[in-house]
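Visitor: Just input24.txt, nothing more (compact mmCIF, C-alpha atoms):
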# COMPACT_ATOMS: atom_id res chain seq x y z
CA MET S 34 -18.83 6.79 123.26
CA THR S 35 -18.54 10.53 122.70
CA SER S 36 -17.35 12.21 119.57
CA ALA S 37 -14.39 14.55 119.42
CA PRO S 38 -15.34 18.20 119.75
CA PRO S 39 -15.69 19.75 116.30
CA VAL S 40 -12.58 21.52 115.06
CA GLU S 41 -10.68 22.90 117.97
CA ALA S 42 -7.39 24.48 117.11
CA GLU S 43 -5.60 22.39 119.75
CA GLU S 44 -6.87 19.02 118.45
CA PRO S 45 -3.67 17.45 117.13
CA PHE S 46 -5.52 15.09 114.78
CA GLU S 47 -6.43 16.93 111.58
CA HIS S 48 -8.78 15.10 109.24
CA PRO S 49 -9.92 17.17 106.26
CA ALA S 50 -11.81 15.82 103.23
CA LEU S 51 -10.78 17.05 99.80
CA PHE S 52 -13.59 17.15 97.22
CA TYR S 53 -12.05 17.19 93.74
CA SER S 54 -13.74 17.36 90.35
CA SER S 55 -10.77 17.08 88.00
CA ASP S 56 -7.22 15.78 87.80
CA ASP S 57 -5.97 19.35 88.21
CA GLU S 58 -7.98 19.84 91.37
CA TYR S 59 -6.67 16.53 92.64
CA LEU S 60 -3.04 17.52 92.19
CA ASN S 61 -3.67 21.09 93.42
CA GLY S 62 -5.10 19.63 96.62
CA THR S 63 -2.55 16.89 97.21
CA ILE S 64 0.88 18.00 95.96
CA PRO S 65 1.16 21.19 98.09
CA PHE S 66 -0.08 19.10 101.07
CA ILE S 67 2.78 16.66 100.49
CA ASP S 68 5.35 19.41 99.90
CA LYS S 69 4.34 21.17 103.10
CA GLY S 70 4.96 17.98 105.04
CA LEU S 71 8.30 17.31 103.41
CA SER S 72 9.56 20.84 104.03
CA ALA S 73 8.57 20.51 107.70
CA ASP S 74 10.49 17.22 107.75
CA GLU S 75 7.32 15.25 108.48
CA PRO S 76 7.11 11.62 107.29
CA VAL S 77 4.56 11.49 104.44
CA ALA S 78 2.54 8.51 103.17
CA VAL S 79 0.07 8.35 100.30
CA ALA S 80 -2.45 5.47 100.05
CA VAL S 81 -4.78 6.10 97.09
CA PRO S 82 -6.17 4.09 94.15
CA LYS S 83 -3.59 3.14 91.53
CA ARG S 84 -4.52 5.70 88.89
CA ASN S 85 -4.31 8.60 91.34
CA LEU S 86 -1.15 7.13 92.84
CA GLU S 87 0.51 7.30 89.44
CA SER S 88 -0.54 10.96 88.88
CA ILE S 89 0.90 11.88 92.27
CA ARG S 90 4.07 9.92 91.58
CA SER S 91 4.72 11.66 88.29
CA ALA S 92 3.79 15.12 89.64
CA LEU S 93 6.25 14.65 92.51
CA GLY S 94 9.09 13.68 90.19
CA GLY S 95 12.30 13.14 92.13
CA THR S 96 10.75 13.86 95.52
CA ALA S 97 8.52 10.77 95.14
CA GLU S 98 11.25 8.71 96.74
CA ARG S 99 10.84 10.64 99.99
CA VAL S 100 7.16 9.62 100.18
CA LEU S 101 5.72 6.19 101.01
CA LEU S 102 3.38 5.46 98.07
CA VAL S 103 0.96 2.53 98.34
CA ASP S 104 -1.95 1.31 96.24
CA MET S 105 -5.11 1.65 98.33
CA GLY S 106 -6.87 -0.78 95.98
CA GLU S 107 -4.59 -3.44 97.40
CA VAL S 108 -3.89 -2.50 101.03
CA GLY S 109 -7.38 -1.11 101.56
CA ALA S 110 -9.40 -3.66 99.62
CA ASN S 111 -10.86 -4.61 102.98
CA PRO S 112 -11.37 -1.21 104.68
CA GLY S 113 -11.06 -2.93 108.09
CA ARG S 114 -7.35 -3.37 107.43
CA ILE S 115 -6.51 0.27 106.81
CA ILE S 116 -6.29 1.52 110.41
CA PRO S 117 -4.12 -1.30 111.80
CA GLY S 118 -2.26 -2.34 108.63
CA VAL S 119 -1.54 1.00 106.97
CA LEU S 120 -2.12 3.95 109.30
CA HIS S 121 -0.95 2.59 112.65
CA ALA S 122 1.95 0.87 110.93
CA PHE S 123 3.08 4.26 109.58
CA THR S 124 2.33 6.48 112.58
CA ASP S 125 3.79 4.00 115.06
CA ALA S 126 7.02 3.87 113.05
CA HIS S 127 7.41 7.62 113.76
CA PRO S 128 6.23 7.93 117.34
CA ASP S 129 7.75 11.29 118.21
CA ARG S 130 6.60 13.46 115.36
CA ARG S 131 3.68 14.66 113.33
CA VAL S 132 3.04 12.48 110.30
CA ARG S 133 1.10 13.40 107.19
CA ILE S 134 -1.04 10.94 105.27
CA ILE S 135 -3.25 11.05 102.20
CA GLY S 136 -5.80 8.23 102.30
CA GLU S 137 -8.44 7.63 99.63
CA PRO S 138 -10.45 4.54 100.61
CA ILE S 139 -13.60 5.37 98.62
CA TRP S 140 -13.78 5.34 94.85
CA PRO S 141 -16.52 4.84 92.25
CA GLY S 142 -17.13 1.10 91.84
CA ARG S 143 -16.96 0.06 95.50
CA SER S 144 -19.83 -2.36 96.22
CA GLU S 145 -22.56 -1.33 98.66
CA ASP S 146 -21.20 -3.68 101.35
CA GLU S 147 -17.68 -2.34 100.85
CA TYR S 148 -18.93 1.23 100.95
CA THR S 149 -20.60 0.75 104.33
CA ALA S 150 -17.31 -0.63 105.66
CA CYS S 151 -15.48 2.38 104.14
CA VAL S 152 -17.68 5.05 105.68
CA GLN S 153 -17.46 3.26 109.02
CA HIS S 154 -13.67 3.29 108.64
CA GLU S 155 -13.70 7.05 107.95
CA ALA S 156 -15.80 7.68 111.07
CA LEU S 157 -13.55 5.45 113.22
CA LEU S 158 -10.44 7.39 112.20
CA ASN S 159 -11.64 10.23 114.42
CA LEU S 160 -11.65 7.88 117.43
CA ALA S 161 -8.50 5.98 116.51
CA PHE S 162 -6.28 9.05 116.09
CA ASN S 163 -7.96 11.50 118.45
CA GLY S 164 -5.18 13.32 120.28
CA ARG S 165 -2.42 12.00 117.99
CA PRO S 166 -0.24 14.35 115.90
CA VAL S 167 -1.48 13.13 112.53
CA THR S 168 -2.63 15.15 109.52
CA LYS S 169 -4.81 12.98 107.29
CA LEU S 170 -6.26 14.24 104.02
CA CYS S 171 -9.02 12.17 102.37
CA PRO S 172 -9.69 12.89 98.71
CA TYR S 173 -13.20 12.28 97.35
CA ASP S 174 -14.07 12.17 93.65
CA ALA S 175 -16.95 14.66 93.80
CA LYS S 176 -17.83 14.05 90.15
CA GLY S 177 -17.77 10.25 90.15
CA LEU S 178 -19.36 9.54 93.56
CA ASP S 179 -23.03 9.80 94.61
CA GLN S 180 -24.12 12.92 96.47
CA ARG S 181 -25.05 10.63 99.39
CA ILE S 182 -21.37 9.66 99.70
CA ILE S 183 -20.30 13.29 99.73
CA THR S 184 -22.89 13.98 102.45
CA ASP S 185 -21.48 11.09 104.51
CA ALA S 186 -17.97 12.51 104.05
CA GLU S 187 -19.21 15.81 105.49
CA ALA S 188 -20.27 13.86 108.60
CA THR S 189 -16.98 11.96 108.98
CA HIS S 190 -14.61 14.90 108.41
CA PRO S 191 -14.48 17.97 110.67
CA VAL S 192 -12.93 20.08 107.91
CA LEU S 193 -13.86 20.22 104.21
CA ILE S 194 -11.74 21.45 101.31
CA ASP S 195 -12.91 22.10 97.75
CA HIS S 196 -12.18 24.52 94.90
CA ALA S 197 -13.76 27.31 96.96
CA GLY S 198 -11.38 26.80 99.89
CA ARG S 199 -11.39 25.31 103.35
CA ARG S 200 -14.23 25.37 105.90
CA PRO S 201 -15.37 23.56 109.01
CA SER S 202 -18.08 20.97 108.34
CA ASP S 203 -21.39 21.89 109.93
CA ARG S 204 -22.55 18.28 109.42
CA TYR S 205 -19.67 16.63 111.33
CA ASP S 206 -21.20 13.75 113.32
CA PRO S 207 -19.13 10.54 113.24
CA ASP S 208 -21.20 8.89 116.01
CA ARG S 209 -24.31 9.16 113.87
CA VAL S 210 -22.43 7.50 111.00
CA LEU S 211 -21.20 4.68 113.26
CA ALA S 212 -24.74 4.08 114.48
CA ASP S 213 -25.99 3.99 110.86
CA CYS S 214 -23.29 1.48 109.88
CA ASN S 215 -24.22 -0.86 112.72
CA ARG S 216 -27.37 -2.15 111.06
CA PRO S 217 -28.93 -5.59 110.78
CA PHE S 218 -27.92 -7.71 107.81
CA ALA S 219 -30.22 -8.94 105.09
CA LEU S 220 -31.18 -12.54 105.87
CA PRO S 221 -28.86 -15.21 104.48
CA PRO S 222 -30.27 -17.02 101.44
CA ARG S 223 -32.21 -20.26 101.95
CA SER S 224 -29.28 -22.14 100.53
CA ALA S 225 -27.17 -21.12 103.55
CA ILE S 226 -26.09 -24.01 105.73
CA GLU S 227 -26.35 -23.45 109.47
CA ARG S 228 -24.60 -25.17 112.38
CA ALA S 229 -24.01 -24.38 116.04
CA ALA S 230 -20.59 -24.74 117.63
CA ASP S 231 -19.40 -24.79 121.22
CA LEU S 232 -16.22 -25.86 122.98
CA ALA S 233 -16.86 -29.52 122.23
CA THR S 234 -17.63 -29.05 118.53
CA LEU S 235 -15.16 -26.31 117.56
CA ASP S 236 -12.99 -28.74 115.58
CA ASN S 237 -16.07 -30.10 113.85
CA ALA S 238 -17.05 -26.55 112.78
CA ARG S 239 -13.63 -26.06 111.19
CA TRP S 240 -13.86 -29.35 109.38
CA PHE S 241 -17.37 -28.57 108.13
CA ALA S 242 -16.57 -25.04 106.89
CA THR S 243 -13.36 -26.16 105.20
CA ALA S 244 -15.18 -28.96 103.39
CA TYR S 245 -17.75 -26.43 102.18
CA GLY S 246 -15.03 -24.00 101.10
CA ARG S 247 -13.24 -26.72 99.18
CA ARG S 248 -16.46 -27.68 97.43
CA VAL S 249 -17.10 -24.11 96.21
CA GLY S 250 -13.53 -23.69 94.97
CA LEU S 251 -11.55 -21.69 97.55
CA SER S 252 -7.78 -21.84 97.07
CA ALA S 253 -5.57 -23.74 99.52
CA MET S 254 -4.54 -20.46 101.20
CA GLN S 255 -8.15 -19.30 101.46
CA LEU S 256 -9.13 -22.59 103.10
CA ILE S 257 -6.51 -21.90 105.78
CA ASP S 258 -7.82 -18.35 106.15
CA LEU S 259 -11.41 -19.58 106.48
CA GLU S 260 -10.34 -22.14 109.07
CA ILE S 261 -8.44 -19.55 111.12
CA ALA S 262 -11.09 -16.82 110.81
CA LEU S 263 -14.01 -19.08 111.73
CA THR S 264 -12.07 -20.44 114.71
CA GLU S 265 -11.38 -16.91 116.01
CA LEU S 266 -15.00 -15.84 115.59
CA LEU S 267 -16.33 -18.95 117.32
CA THR S 268 -13.67 -18.61 120.04
CA ASN S 269 -15.03 -15.13 120.75
CA SER S 270 -18.56 -16.59 120.85
CA ILE S 271 -17.50 -19.29 123.30
CA HIS S 272 -15.61 -16.80 125.49
CA HIS S 273 -17.85 -13.76 125.34
CA GLY S 274 -21.02 -14.72 123.53
CA GLY S 275 -22.67 -17.20 125.83
CA GLY S 276 -20.55 -20.26 125.14
CA VAL S 277 -22.01 -21.07 121.76
CA GLY S 278 -21.93 -19.54 118.29
CA THR S 279 -24.19 -20.23 115.33
CA PHE S 280 -22.42 -20.12 111.99
CA ARG S 281 -23.80 -20.07 108.48
CA VAL S 282 -22.00 -20.40 105.16
CA TRP S 283 -23.19 -19.71 101.64
CA THR S 284 -22.00 -18.26 98.35
CA ASP S 285 -23.35 -15.01 96.90
CA GLY S 286 -21.96 -15.38 93.40
CA GLY S 287 -18.59 -13.76 93.82
CA HIS S 288 -17.85 -14.71 97.43
CA LEU S 289 -18.02 -17.36 100.05
CA VAL S 290 -19.85 -15.67 102.92
CA CYS S 291 -19.54 -16.96 106.47
CA GLU S 292 -21.30 -15.41 109.45
CA VAL S 293 -21.13 -16.14 113.14
CA ASN S 294 -23.90 -15.10 115.50
CA ASP S 295 -23.87 -15.19 119.29
CA ALA S 296 -25.47 -13.60 122.35
CA GLY S 297 -22.58 -11.25 123.20
CA GLN S 298 -22.31 -7.52 122.57
CA ILE S 299 -19.17 -5.74 121.39
CA THR S 300 -18.85 -2.29 122.93
CA ASP S 301 -15.43 -1.22 121.62
CA PRO S 302 -15.99 0.35 118.20
CA LEU S 303 -12.28 -0.09 117.35
CA VAL S 304 -12.21 -3.81 118.09
CA GLY S 305 -10.03 -5.65 115.56
CA ARG S 306 -8.40 -2.40 114.40
CA ARG S 307 -5.97 -1.67 117.21
CA PRO S 308 -2.36 -2.67 116.60
CA SER S 309 -1.62 -6.22 117.72
CA ASP S 310 0.53 -5.17 120.69
CA ASP S 311 -2.35 -3.22 122.23
CA SER S 312 -4.94 -5.88 121.58
CA GLU S 313 -6.48 -8.07 124.17
CA HIS S 314 -7.04 -11.62 123.05
CA TYR S 315 -10.56 -10.77 121.91
CA GLY S 316 -9.32 -8.02 119.63
CA ARG S 317 -6.34 -9.95 118.30
CA GLY S 318 -8.62 -12.60 116.81
CA LEU S 319 -10.68 -9.96 115.03
CA LEU S 320 -7.53 -8.16 113.92
CA LEU S 321 -6.48 -11.36 112.20
CA VAL S 322 -9.94 -11.84 110.69
CA ASN S 323 -9.71 -8.34 109.19
CA GLN S 324 -6.33 -9.18 107.69
CA VAL S 325 -7.29 -12.47 106.05
CA ALA S 326 -10.87 -11.75 104.88
CA ASP S 327 -11.70 -9.67 101.81
CA LEU S 328 -14.45 -7.87 103.73
CA VAL S 329 -15.73 -7.99 107.32
CA ARG S 330 -19.06 -6.55 108.48
CA MET S 331 -20.47 -6.56 111.98
CA HIS S 332 -23.82 -5.89 113.64
CA THR S 333 -23.80 -5.74 117.42
CA GLY S 334 -26.23 -4.70 120.13
CA PRO S 335 -28.06 -5.94 123.22
CA GLN S 336 -29.71 -8.61 121.06
CA GLY S 337 -26.34 -10.15 120.19
CA THR S 338 -23.53 -9.92 117.67
CA THR S 339 -23.23 -11.11 114.09
CA VAL S 340 -19.95 -10.94 112.20
CA ARG S 341 -20.04 -11.64 108.48
CA ILE S 342 -16.86 -12.31 106.49
CA TYR S 343 -16.42 -12.51 102.73
CA LEU S 344 -13.77 -14.50 100.85
CA ARG S 345 -13.60 -13.85 97.12
CA LEU S 346 -14.07 -17.00 95.05
CA PRO S 347 -11.28 -17.57 92.53
CA GLU S 348 -12.37 -16.97 88.93
CA ARG S 349 -13.04 -20.19 87.09
CA MET F 62 -12.29 -35.56 112.28
CA ASP F 63 -11.68 -35.90 115.99
CA ARG F 64 -8.04 -35.00 116.46
CA PRO F 65 -7.29 -34.52 120.15
CA LEU F 66 -4.07 -32.76 121.04
CA ARG F 67 -1.17 -35.08 121.89
CA ILE F 68 2.10 -33.65 123.17
CA THR F 69 5.07 -35.90 123.92
CA GLU F 70 8.45 -34.86 125.26
CA TYR F 71 11.54 -36.39 123.77
CA GLY F 72 15.23 -36.16 124.46
CA GLU F 73 17.78 -38.23 122.58
CA ARG F 74 21.44 -37.65 121.70
CA GLY F 75 21.36 -34.09 122.95
CA ALA F 76 18.25 -33.15 120.99
CA VAL F 77 15.39 -32.18 123.26
CA GLY F 78 11.92 -31.07 122.38
CA LEU F 79 8.25 -31.76 121.90
CA ARG F 80 6.35 -33.78 119.36
CA VAL F 81 2.91 -32.28 118.88
CA ALA F 82 -0.03 -33.85 117.06
CA GLY F 83 -3.70 -32.97 116.68
CA GLU F 84 -5.07 -29.44 116.88
CA ILE F 85 -4.46 -26.50 119.20
CA ASP F 86 -7.49 -24.36 119.95
CA LEU F 87 -9.41 -23.42 123.11
CA ASN F 88 -9.37 -27.08 124.10
CA GLY F 89 -5.59 -27.33 124.06
CA HIS F 90 -4.22 -23.96 125.18
CA GLU F 91 -3.50 -25.02 128.76
CA ALA F 92 -1.69 -28.22 127.85
CA TRP F 93 0.26 -26.41 125.11
CA GLU F 94 1.37 -23.61 127.40
CA ARG F 95 2.34 -26.04 130.17
CA ALA F 96 4.37 -28.19 127.76
CA LEU F 97 6.14 -25.15 126.26
CA ARG F 98 7.07 -23.79 129.67
CA ARG F 99 8.40 -27.14 130.84
CA ALA F 100 10.36 -27.67 127.63
CA SER F 101 11.88 -24.20 127.80
CA GLY F 102 14.10 -25.29 130.69
CA ARG F 103 15.45 -28.41 129.02
CA GLY F 104 18.18 -27.12 126.73
CA ASP F 105 19.50 -24.32 124.58
CA GLU F 106 17.86 -25.57 121.41
CA ILE F 107 14.35 -26.84 121.99
CA ARG F 108 12.86 -28.60 119.00
CA LEU F 109 9.16 -28.48 118.30
CA ASP F 110 8.24 -31.20 115.83
CA LEU F 111 4.84 -30.11 114.56
CA SER F 112 4.50 -32.54 111.65
CA GLY F 113 1.43 -34.10 113.29
CA LEU F 114 -0.18 -30.78 114.14
CA SER F 115 -2.96 -29.92 111.70
CA PHE F 116 -4.19 -26.63 113.18
CA ILE F 117 -3.25 -23.88 115.64
CA ASP F 118 -5.23 -20.74 116.43
CA VAL F 119 -4.16 -17.17 117.28
CA ARG F 120 -3.99 -17.76 121.03
CA GLY F 121 -1.94 -20.94 120.55
CA THR F 122 0.48 -19.02 118.34
CA ALA F 123 0.63 -16.14 120.83
CA LEU F 124 1.51 -18.59 123.61
CA LEU F 125 4.48 -19.84 121.59
CA VAL F 126 5.61 -16.26 120.88
CA ASP F 127 5.20 -15.26 124.54
CA VAL F 128 7.06 -18.26 125.98
CA ALA F 129 9.85 -17.78 123.41
CA ALA F 130 10.15 -14.12 124.38
CA LEU F 131 10.86 -15.17 127.97
CA LEU F 132 13.66 -17.62 127.08
CA PRO F 133 17.02 -16.65 128.52
CA GLU F 134 19.64 -15.28 126.14
CA GLY F 135 21.01 -17.99 123.84
CA ARG F 136 18.02 -20.33 124.03
CA ARG F 137 15.56 -20.82 121.21
CA PHE F 138 12.71 -22.88 119.82
CA VAL F 139 13.37 -24.60 116.51
CA VAL F 140 10.04 -25.32 114.83
CA GLN F 141 10.00 -28.21 112.37
CA ASN F 142 7.22 -28.83 109.86
CA ALA F 143 4.94 -26.02 111.02
CA PRO F 144 1.32 -26.34 109.88
CA ALA F 145 0.06 -23.78 107.36
CA ALA F 146 -2.13 -22.12 110.00
CA LEU F 147 0.88 -21.34 112.20
CA LEU F 148 2.82 -19.81 109.31
CA ARG F 149 -0.19 -17.75 108.25
CA VAL F 150 -0.93 -16.42 111.74
CA MET F 151 2.76 -15.54 112.21
CA GLN F 152 2.86 -13.81 108.82
CA VAL F 153 -0.20 -11.70 109.62
CA LEU F 154 0.30 -10.83 113.30
CA TRP F 155 4.09 -11.07 113.70
CA PRO F 156 5.31 -10.08 110.22
CA ASP F 157 8.77 -9.22 111.53
CA GLY F 158 9.14 -12.66 113.08
CA ALA F 159 9.46 -13.44 116.77
CA SER F 160 12.60 -13.50 118.82
CA ALA F 161 13.97 -16.95 119.62
CA ILE F 162 11.77 -18.87 117.16
CA ILE F 163 13.41 -20.46 114.12
CA PHE F 164 11.35 -22.23 111.44
CA LYS F 165 12.79 -25.26 109.66
CA GLY F 166 11.52 -28.04 107.43
CA ASP F 167 8.93 -28.48 104.70
CA GLN F 168 6.93 -25.31 104.48
What would you get if you wrote out this structure as structure tokens?
Guide:
Amino acid sequence: MTSAPPVEAEEPFEHPALFYSSDDEYLNGTIPFIDKGLSADEPVAVAVPKRNLESIRSALGGTAERVLLVDMGEVGANPGRIIPGVLHAFTDAHPDRRVRIIGEPIWPGRSEDEYTACVQHEALLNLAFNGRPVTKLCPYDAKGLDQRIITDAEATHPVLIDHAGRRPSDRYDPDRVLADCNRPFALPPRSAIERAADLATLDNARWFATAYGRRVGLSAMQLIDLEIALTELLTNSIHHGGGVGTFRVWTDGGHLVCEVNDAGQITDPLVGRRPSDDSEHYGRGLLLVNQVADLVRMHTGPQGTTVRIYLRLPER
Amino acid sequence: MDRPLRITEYGERGAVGLRVAGEIDLNGHEAWERALRRASGRGDEIRLDLSGLSFIDVRGTALLVDVAALLPEGRRFVVQNAPAALLRVMQVLWPDGASAIIFKGDQ
């Protein structure tokens, strides 16, 4: 895996970060970006948290109807969904032209687990859209977010924009970020229940996990999602991970957590994020897991692969 | 708990199709694909009665979509009583629907 060369004029994928410290700076950085796209007849999409979405909508006035506006809090709740579900969906709908997108996946209040998935997503964008005619601006709330998050954004974006202007990032290093995100998980709690599953016991694993999910209060739809997601993860283990997967389930307070561990190694960093048509069977299962889970984290290496999925428990 | 896949062909009064019960995962993909391919030559409207099917995975769903895509013009699968897993996988991975698959029945 090699990273894209830093900021060459010919690189069609442009991926600047916008560091804003006020509502004015936010609109000054985003509205002209949108207008420029519209006047060049480029399709424009904006996926940002609701509050910022509303400021953009009202600043645009009548032109808002020419822009696809979506709430990132919804479509990007699980950052693993953003590349296939939002960005590819939009760029692939306009295959012959440059498209312009504002995407704000990181906001104050993201949990630590979510944040790791977000920064990984930002780094992967450079691989996913390398060579594609896409201009993607990523706003960061420089006042509300930790300095560490801003430093990470300097590593995932080749170009940085703030009140002082636009400059190349001298810290751009998405491969380093991807390596940092691929880290071992904290051990499951002692209350976690562990089982192994192979070809002969796959149905048993589904039955067991669903019974556990029902006991801790998952909704009927979430039970289906758990059943499908666990099956896909264990199917990957049986196919690619040595024929057997070990799964564990527990609750962490707000979520049912389910992880599957096997002896395989995943080498494609974009697995589960390519559009369905391009996906091999292996990737299609993970694509589905990303779509149905509230959060997906992965640790993979020569020692094996662990995928951990989170399903939010309904409030009681 | 043990629900092996059972697929039976039927054909009565012009209605042809498959009755499917059990679960479709890695253990049933081959039988499922074989049955779909064989059924696809039996009529213009091929019914798939899935009321006894309790689960189907992504690959099982993809096989249905792929075999349907190869049906000649005018032929189609009519799915009756699809299990929740099939509807969910279709909704997520084929949100625009699939050609030549119609869903009917209690959903």
Visitor: So which residues touch F:Leu148 within 10 Å, counting all atoms listed in the file, skipping near sequence neighbours fewer than 4 positions away, as a PyMOL selection string?
Guide: chain F and resi 117+122+143-144+152-153+155+164+168
Visitor: Write the residues of the selection above to a file with C-alpha atoms, as a compact mmCIF listing (two decimals), keeping the file's coordinate frame.
Guide:
# COMPACT_ATOMS: atom_id res chain seq x y z
CA ILE F 117 -3.25 -23.88 115.64
CA THR F 122 0.48 -19.02 118.34
CA ALA F 143 4.94 -26.02 111.02
CA PRO F 144 1.32 -26.34 109.88
CA GLN F 152 2.86 -13.81 108.82
CA VAL F 153 -0.20 -11.70 109.62
CA TRP F 155 4.09 -11.07 113.70
CA PHE F 164 11.35 -22.23 111.44
CA GLN F 168 6.93 -25.31 104.48
Visitor: Using only C-alpha atoms, find each residue of chain S with at least one atom at most 8 Å away from an atom of chain F; report its shortest atom-to-atom pair and that distance in Å (one decimal), sort the rows by chain and rising residue number, and return the result as CSV.
Guide:
residue,atom,partner,partner_atom,distance
S:Leu232,CA,F:Asn88,CA,7.0
S:Asp236,CA,F:Asp63,CA,7.3
S:Asn237,CA,F:Met62,CA,6.8
S:Trp240,CA,F:Met62,CA,7.0
S:Ile257,CA,F:Ala146,CA,6.1
S:Asp258,CA,F:Ala146,CA,7.8
S:Ile261,CA,F:Asp118,CA,6.3
S:Thr264,CA,F:Asp118,CA,7.1
S:Glu265,CA,F:Asp118,CA,7.3
S:Thr268,CA,F:Leu87,CA,7.1
S:Ser309,CA,F:Leu154,CA,6.7
S:His314,CA,F:Arg120,CA,7.1
S:Arg317,CA,F:Val119,CA,7.6
S:Gly318,CA,F:Val119,CA,6.4
S:Leu321,CA,F:Val153,CA,6.8
S:Gln324,CA,F:Val153,CA,6.9
S:Val325,CA,F:Val153,CA,8.0
Visitor: Report the centre and edge lengths, in Å to one decimal, of an axis-aligned box enclosing every atom of stretch 79-98 of chain F listed in the file, padded by 5 Å on each side, as lines of an AutoDock Vina configuration file.
Guide:
center_x = -0.6
center_y = -28.6
center_z = 123.4
size_x = 27.7
size_y = 20.4
size_z = 23.5
Visitor: Can you tell me which residues surround F:Tyr71 at a distance of at most 10 Å, considering only C-alpha atoms, apart from same-chain residues fewer than 2 positions away, and format the answer as a list in words?
Guide: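 After dropping sequence-adjacent residues, the list is Ile68, Thr69, Glu73, Ala76, Val77, Gly78, Leu79, Arg80, Ala100, Arg108 and Leu109 of chain F.
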Visitor: Could you jot down the atom CA of S:Ile134 to atom CA of S:Arg306 separation for me, Å, one decimal place?
Guide: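 These two atoms are separated by 17.8 Å.
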Visitor: Please work out which residues fall within 12 Å of (-19.2, -8.8, 125.0), coordinates as given in the file, with only C-alpha atoms counting, and return them as a CSV table (one decimal) with C-alpha atoms, keeping the file's coordinate frame.
Guide:
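What landed in out.csv:
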chain,number,residue,atom,x,y,z
S,269,ASN,CA,-15.0,-15.1,120.8
S,270,SER,CA,-18.6,-16.6,120.8
S,271,ILE,CA,-17.5,-19.3,123.3
S,272,HIS,CA,-15.6,-16.8,125.5
S,273,HIS,CA,-17.8,-13.8,125.3
S,274,GLY,CA,-21.0,-14.7,123.5
S,275,GLY,CA,-22.7,-17.2,125.8
S,276,GLY,CA,-20.6,-20.3,125.1
S,295,ASP,CA,-23.9,-15.2,119.3
S,296,ALA,CA,-25.5,-13.6,122.4
S,297,GLY,CA,-22.6,-11.2,123.2
S,298,GLN,CA,-22.3,-7.5,122.6
S,299,ILE,CA,-19.2,-5.7,121.4
S,300,THR,CA,-18.8,-2.3,122.9
S,301,ASP,CA,-15.4,-1.2,121.6
S,302,PRO,CA,-16.0,0.4,118.2
S,304,VAL,CA,-12.2,-3.8,118.1
S,315,TYR,CA,-10.6,-10.8,121.9
S,316,GLY,CA,-9.3,-8.0,119.6
S,333,THR,CA,-23.8,-5.7,117.4
S,334,GLY,CA,-26.2,-4.7,120.1
S,335,PRO,CA,-28.1,-5.9,123.2
S,336,GLN,CA,-29.7,-8.6,121.1
S,337,GLY,CA,-26.3,-10.2,120.2
S,338,THR,CA,-23.5,-9.9,117.7
S,339,THR,CA,-23.2,-11.1,114.1
Visitor: Using only C-alpha atoms, find all polymer residues with an atom at most 12 Å away from the point (-24.4, 6.9, 107.3); report them as a count of residues only.
Guide: 31
Visitor: What is the atom CA of S:Val77 to atom CA of S:Ser55 distance in Å?
Guide: 23.2 Å
Visitor: One number please: atom CA of S:Gly118 to atom CA of S:Gly305, in Å, one decimal.
Guide: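 Straight-line distance from atom CA of S:Gly118 to atom CA of S:Gly305 works out to 10.9 Å.
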Visitor: With distances taken over all atoms listed in the file, which residue among F:Leu125, F:Gly135, F:Asp110, F:Ala130 lies nearest F:Lys165?
Guide: F:Asp110
